[in-house]
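Before any comments, here is the structure.
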Amino acid sequence: MDDPRAERMFGDSLVAPGDLALSPFRVDRDRIVGSPFFARLGGVTQVISPGGAGLLVHNRLTHSLKVAQVGRAIAERISRGHADLLDKLGGCDPDVVEAAALAHDLGHPPFGHLGERVLDHLARQRLRLRDGFEGNAQSYRIVTSTEIRGEATIGLNLTAATRAAILKYPWTRRSHPSPHPRYLDPAPRGAAAPPDDPDGGSLKFGAYTTEVDDMVQARAPFAGRVAEWQQTVEASVMDTADDIAYAIHDLEDVHRVGVLQPGAVAAELTAWQRRPGGAIESLRQQLHRKDGWIADDDAFALAVEQVRAELVDGLLAEPFDGSLEAEAKVAAFSATWTKRLVDSIEVTGQPAVRSGHVLLARPQWHEVQVLKLIQNRFVLTRPDLALHQRGQARLLASLVEALLAWLTDPDEVDRLPSRIRDLVELAEAELPEGTPDRVGRARGRAVIDFVAALTDSQAVGLMDALSGRSRQLWTDSFVL
């Protein structure tokens, strides 16, 4: 093939039923959208569980669609003004960005980031899987391995460009590339070790060791164009779009369900310079510590005021009551902020280590940090959310243990779900001969893969059945 970016890991002979497009990158998009892993995201938590708030809030599916919308808009804008630089860095195709955005959350487990942390702890500490669990690496595993087509376990067989664009963190947990980016000073975002395991490699990473050859092949067309640990331009666009969507659209959710209290937000944003120990001042200091390459006190102060004026005096001035007027106000807030941030995007040939080639302008970068703080400070630290999440964490831990016990029961070999048997076979084939406790580790990875592919409600329903609480023999809560 003339374009190495369009090459597939397994060549062009494997045609999927949904391959209707002529462009190889549009084919990627169609394969992702046609995957059951993509449809499943409609039942996976973004911030607030979709089961508890209905259609009012985003789930991982609607979030992914909005990231794709924002990412495509960014790609189209920068392609007009930076064509020569983008070509030098390896290219920026809007179809590739859109496909990567749609795929970037495929690996998110039930209950969102809470589920990610729980499964990682169980994988490392309980199941002795050195790679643990990571949502981004799981997404890459899905598109390359665990999404089974026909007789071959080849994933979705996406082009190199799209697979490279999915790699927000283009390294493994410990070993690739060498030297590993966690040893850089400063290290790239996400490359630091987990707080509970200083020797555990990177907290965030884009691929498990089992998919490293695929990652190398996907990144090959960009060799000599971007640093080995640096995102491709298309990955950088997707990452920036993800930040924008998280900062804005998740605020819509917490406003709609009434958990964002305007008085508390106003007090934090208006008195921060007189409160040395407040969250805003702590954020300012943290930005200087971690991101001195862009942190600026004047830009930070202006960002706080901008967010205060448009959030406190605007969106939060009146409670959301479900009226057409309230919906129009939310839509206007979201549209105004999205356009403001997208229009500020810049492209650089020499990014800082903690940045990508595509980034927000300095003022808007600070605004996004403040918007994200609002979410972290006034939503994620709430005791009622913590209560809910502690229950979800216990449920996931119990579900992993129950499935593992089922898998290791010699009397149940013939009654195991086919999907789990397939995943055990895949995981065992990936492990080299002579691996200590090869079968046990394969079973552990299979259980993690299986649980990670459930929706929130499927995880609850399956645990109810395994614990004996459910009296319904045939159910549509899950399929075994």
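Residue names in the structure tokens use chain letters A, B, ... in the order shown, residue numbers from 1 in each chain, and ligand numbers from 1 in the order shown.
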| query | Hey, what's within 10 Å of Arg141 of chain A if we count only C-alpha atoms and toss same-chain stuff fewer than 3 positions away? As a PyMOL selection string, please? | reply | chain A and resi 106-107+135-138+144-147+154-155+206-208+210-211+214+449
Expected file contents, prior selection, C-alpha atoms, as a short mmCIF file (atom, residue, chain, number, x, y, z; two decimals), in the first residue's frame:
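Written file, result.cif:
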```cif
data_model
loop_
_atom_site.label_atom_id
_atom_site.label_comp_id
_atom_site.auth_asym_id
_atom_site.auth_seq_id
_atom_site.Cartn_x
_atom_site.Cartn_y
_atom_site.Cartn_z
CA LEU A 106 -14.17 1.58 24.55
CA GLY A 107 -12.17 0.07 27.41
CA GLY A 135 -8.87 2.09 30.55
CA ASN A 136 -6.81 3.45 27.67
CA ALA A 137 -4.80 0.24 27.34
CA GLN A 138 -8.05 -1.74 27.51
CA THR A 144 -6.61 -5.12 18.45
CA SER A 145 -7.41 -8.34 20.34
CA THR A 146 -10.60 -8.97 22.29
CA GLU A 147 -13.11 -7.83 19.65
CA ILE A 154 -7.73 -9.61 15.36
CA GLY A 155 -9.78 -6.90 16.93
CA GLY A 206 -1.75 3.26 26.18
CA ALA A 207 -1.14 -0.46 25.67
CA TYR A 208 -0.49 -3.62 27.64
CA THR A 210 0.60 -8.10 25.01
CA GLU A 211 -0.20 -5.42 22.42
CA ASP A 214 0.84 -3.82 17.41
CA ASP A 449 -11.47 -8.47 30.43
#
```
| request: May I have the residues within 10 Å of Lys329 of chain A as number ranges by chain, using only C-alpha atoms and disregarding those fewer than 4 positions away in the same chain? | output: A: 314-316, 318, 320, 323-325, 333-335
| Which residue out of A:Arg219, A:Arg40, A:Arg124, A:Arg443 has the minimum interatomic distance to Ala160 of chain A when only C-alpha atoms are used? | A:Arg219
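Residues within 8 Å of Val67 of chain A, counting only C-alpha atoms and excluding same-chain residues fewer than 2 positions away, are His63, Ser64, Leu65, Gln69, Val70, Gly71, Ala101, Leu102, Met238, Ala241, Asp242, Ile244 and Ala245 of chain A.
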| message | Env of Pro186 of chain A: 9 Å cut, atoms = only C-alpha atoms, seq-sep filter 5 positions within chain, self excluded. Answer as a PyMOL selection string. | response | chain A and resi 290+353-354
Please report, as CSV, each residue of segment 335-444 of chain A lying at most 6 Å from segment 294-304 of chain A, together with the nearest pair of atoms and the separation in Å rounded to one decimal; use only C-alpha atoms, and order rows by chain and ascending residue number.
```
residue,atom,partner,partner_atom,distance
A:Pro363,CA,A:Ala299,CA,5.4
A:His366,CA,A:Phe300,CA,5.6
A:Glu367,CA,A:Ala303,CA,4.7
```
Deliver the residues from the most recent selection as a file, using N, CA and C atoms, as a PDB file, in the first residue's frame.
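Output saved as part-v7.pdb:
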```
ATOM      1  N   PRO A 363      -4.571  31.454  27.628  1.00  0.00           N
ATOM      2  CA  PRO A 363      -5.745  31.854  28.423  1.00  0.00           C
ATOM      3  C   PRO A 363      -6.777  30.728  28.548  1.00  0.00           C
ATOM      4  N   HIS A 366      -5.835  27.791  30.876  1.00  0.00           N
ATOM      5  CA  HIS A 366      -6.116  28.083  32.284  1.00  0.00           C
ATOM      6  C   HIS A 366      -7.619  27.984  32.578  1.00  0.00           C
ATOM      7  N   GLU A 367      -8.451  28.417  31.633  1.00  0.00           N
ATOM      8  CA  GLU A 367      -9.898  28.330  31.849  1.00  0.00           C
ATOM      9  C   GLU A 367     -10.340  26.874  32.001  1.00  0.00           C
TER      10      GLU A 367
END
```
Contact residues around Lys372 of chain A with only C-alpha atoms at 9 Å, ignoring same-chain residues under 5 positions, as a PDB file with C-alpha atoms, in the first residue's frame:
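The result, stored in out27.pdb:
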```
ATOM      1  CA  ASP A 243     -10.409  17.699  27.798  1.00  0.00           C
ATOM      2  CA  TYR A 246     -15.038  16.812  30.004  1.00  0.00           C
ATOM      3  CA  ALA A 247     -14.642  20.390  31.202  1.00  0.00           C
ATOM      4  CA  ILE A 248     -17.886  21.637  29.668  1.00  0.00           C
ATOM      5  CA  LEU A 251     -20.764  20.596  34.129  1.00  0.00           C
ATOM      6  CA  GLU A 367      -9.898  28.330  31.849  1.00  0.00           C
ATOM      7  CA  ARG A 377     -14.046  20.262  44.123  1.00  0.00           C
TER       8      ARG A 377
END
```
| said: Just list as an MDAnalysis selection string whatever in segment 120-217 of chain A DSSP marks as helix (DSSP H, G or I). | reply: chainID A and resid 120:126 135:146 160:166 181:183 209:217
Could those residues be written to a file, using N, CA and C atoms, as an mmCIF file, in the first residue's frame?
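Output below, filename part_26.cif:
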```cif
data_model
loop_
_atom_site.group_PDB
_atom_site.id
_atom_site.type_symbol
_atom_site.label_atom_id
_atom_site.label_comp_id
_atom_site.auth_asym_id
_atom_site.auth_seq_id
_atom_site.Cartn_x
_atom_site.Cartn_y
_atom_site.Cartn_z
ATOM 1 N N ASP A 120 -7.816 -2.026 38.434
ATOM 2 C CA ASP A 120 -6.353 -1.954 38.423
ATOM 3 C C ASP A 120 -5.777 -2.503 39.721
ATOM 4 N N HIS A 121 -6.368 -2.117 40.852
ATOM 5 C CA HIS A 121 -5.879 -2.612 42.146
ATOM 6 C C HIS A 121 -6.030 -4.131 42.227
ATOM 7 N N LEU A 122 -7.184 -4.651 41.817
ATOM 8 C CA LEU A 122 -7.403 -6.094 41.863
ATOM 9 C C LEU A 122 -6.449 -6.823 40.921
ATOM 10 N N ALA A 123 -6.253 -6.283 39.733
ATOM 11 C CA ALA A 123 -5.388 -6.944 38.753
ATOM 12 C C ALA A 123 -3.950 -7.023 39.252
ATOM 13 N N ARG A 124 -3.475 -5.936 39.870
ATOM 14 C CA ARG A 124 -2.074 -5.915 40.323
ATOM 15 C C ARG A 124 -1.888 -6.666 41.628
ATOM 16 N N GLN A 125 -2.748 -6.399 42.601
ATOM 17 C CA GLN A 125 -2.534 -6.912 43.950
ATOM 18 C C GLN A 125 -3.121 -8.309 44.156
ATOM 19 N N ARG A 126 -4.290 -8.572 43.590
ATOM 20 C CA ARG A 126 -4.958 -9.858 43.821
ATOM 21 C C ARG A 126 -4.562 -10.891 42.770
ATOM 22 N N GLY A 135 -7.800 1.925 31.532
ATOM 23 C CA GLY A 135 -8.873 2.087 30.551
ATOM 24 C C GLY A 135 -8.381 2.348 29.141
ATOM 25 N N ASN A 136 -7.337 3.164 29.005
ATOM 26 C CA ASN A 136 -6.809 3.454 27.668
ATOM 27 C C ASN A 136 -6.174 2.217 27.045
ATOM 28 N N ALA A 137 -5.400 1.475 27.837
ATOM 29 C CA ALA A 137 -4.799 0.239 27.340
ATOM 30 C C ALA A 137 -5.872 -0.793 27.012
ATOM 31 N N GLN A 138 -6.952 -0.804 27.787
ATOM 32 C CA GLN A 138 -8.047 -1.739 27.511
ATOM 33 C C GLN A 138 -8.737 -1.378 26.200
ATOM 34 N N SER A 139 -8.884 -0.087 25.924
ATOM 35 C CA SER A 139 -9.456 0.340 24.636
ATOM 36 C C SER A 139 -8.599 -0.181 23.488
ATOM 37 N N TYR A 140 -7.277 -0.050 23.637
ATOM 38 C CA TYR A 140 -6.379 -0.514 22.584
ATOM 39 C C TYR A 140 -6.446 -2.038 22.453
ATOM 40 N N ARG A 141 -6.573 -2.720 23.567
ATOM 41 C CA ARG A 141 -6.698 -4.187 23.545
ATOM 42 C C ARG A 141 -7.974 -4.594 22.802
ATOM 43 N N ILE A 142 -9.050 -3.870 23.020
ATOM 44 C CA ILE A 142 -10.317 -4.197 22.368
ATOM 45 C C ILE A 142 -10.205 -4.062 20.853
ATOM 46 N N VAL A 143 -9.626 -2.966 20.378
ATOM 47 C CA VAL A 143 -9.580 -2.767 18.926
ATOM 48 C C VAL A 143 -8.535 -3.653 18.262
ATOM 49 N N THR A 144 -7.645 -4.277 19.047
ATOM 50 C CA THR A 144 -6.610 -5.119 18.452
ATOM 51 C C THR A 144 -6.749 -6.593 18.793
ATOM 52 N N SER A 145 -7.421 -6.943 19.894
ATOM 53 C CA SER A 145 -7.408 -8.341 20.338
ATOM 54 C C SER A 145 -8.766 -8.894 20.716
ATOM 55 N N THR A 146 -9.456 -8.300 21.678
ATOM 56 C CA THR A 146 -10.601 -8.974 22.289
ATOM 57 C C THR A 146 -11.902 -8.781 21.532
ATOM 58 N N ALA A 160 -3.129 1.925 10.722
ATOM 59 C CA ALA A 160 -2.065 2.372 11.628
ATOM 60 C C ALA A 160 -2.355 3.769 12.154
ATOM 61 N N ALA A 161 -2.836 4.658 11.295
ATOM 62 C CA ALA A 161 -3.078 6.041 11.717
ATOM 63 C C ALA A 161 -4.108 6.103 12.839
ATOM 64 N N THR A 162 -5.202 5.359 12.707
ATOM 65 C CA THR A 162 -6.245 5.399 13.727
ATOM 66 C C THR A 162 -5.780 4.757 15.023
ATOM 67 N N ARG A 163 -5.075 3.625 14.916
ATOM 68 C CA ARG A 163 -4.566 2.997 16.146
ATOM 69 C C ARG A 163 -3.578 3.917 16.854
ATOM 70 N N ALA A 164 -2.719 4.585 16.096
ATOM 71 C CA ALA A 164 -1.772 5.527 16.709
ATOM 72 C C ALA A 164 -2.503 6.701 17.337
ATOM 73 N N ALA A 165 -3.611 7.129 16.731
ATOM 74 C CA ALA A 165 -4.370 8.262 17.260
ATOM 75 C C ALA A 165 -5.119 7.913 18.538
ATOM 76 N N ILE A 166 -5.396 6.622 18.755
ATOM 77 C CA ILE A 166 -6.047 6.200 20.002
ATOM 78 C C ILE A 166 -5.066 6.268 21.170
ATOM 79 N N PRO A 181 9.434 6.749 29.286
ATOM 80 C CA PRO A 181 9.188 8.179 29.521
ATOM 81 C C PRO A 181 8.992 8.568 30.976
ATOM 82 N N ARG A 182 8.719 7.601 31.869
ATOM 83 C CA ARG A 182 8.557 7.982 33.275
ATOM 84 C C ARG A 182 9.871 8.474 33.878
ATOM 85 N N TYR A 183 10.988 8.198 33.203
ATOM 86 C CA TYR A 183 12.284 8.642 33.700
ATOM 87 C C TYR A 183 12.658 10.037 33.196
ATOM 88 N N THR A 209 1.535 -4.943 27.609
ATOM 89 C CA THR A 209 2.687 -5.596 26.989
ATOM 90 C C THR A 209 2.255 -6.545 25.876
ATOM 91 N N THR A 210 1.082 -7.142 26.016
ATOM 92 C CA THR A 210 0.600 -8.096 25.014
ATOM 93 C C THR A 210 0.302 -7.430 23.674
ATOM 94 N N GLU A 211 0.094 -6.134 23.667
ATOM 95 C CA GLU A 211 -0.203 -5.419 22.421
ATOM 96 C C GLU A 211 0.949 -4.539 21.954
ATOM 97 N N VAL A 212 2.141 -4.713 22.520
ATOM 98 C CA VAL A 212 3.242 -3.804 22.213
ATOM 99 C C VAL A 212 3.670 -3.909 20.752
ATOM 100 N N ASP A 213 3.673 -5.095 20.164
ATOM 101 C CA ASP A 213 4.069 -5.228 18.758
ATOM 102 C C ASP A 213 3.111 -4.471 17.853
ATOM 103 N N ASP A 214 1.841 -4.547 18.176
ATOM 104 C CA ASP A 214 0.838 -3.821 17.412
ATOM 105 C C ASP A 214 1.059 -2.314 17.537
ATOM 106 N N MET A 215 1.366 -1.856 18.760
ATOM 107 C CA MET A 215 1.617 -0.437 18.974
ATOM 108 C C MET A 215 2.824 0.034 18.161
ATOM 109 N N VAL A 216 3.873 -0.761 18.133
ATOM 110 C CA VAL A 216 5.074 -0.415 17.369
ATOM 111 C C VAL A 216 4.728 -0.284 15.886
ATOM 112 N N GLN A 217 3.915 -1.226 15.376
ATOM 113 C CA GLN A 217 3.539 -1.178 13.965
ATOM 114 C C GLN A 217 2.677 0.043 13.669
#
```
| message | I'd like the contact shell of Asp321 of chain A - 10 Å cut-off, only C-alpha atoms, skipping same-chain residues fewer than 6 positions apart - returned as a list in words. | response | Arg256, Val257, Gly258 and Glu327 of chain A
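Compared by their closest atoms to Leu114 of chain A, and using only C-alpha atoms, the residues A:Gly263, A:Pro198, A:Gly391, A:Pro432 rank with A:Gly391 nearest.
Backbone DSSP over segment 318-450 of chain A gives strand (DSSP E) for Glu346, Val347, Val358 and Leu359 of chain A.
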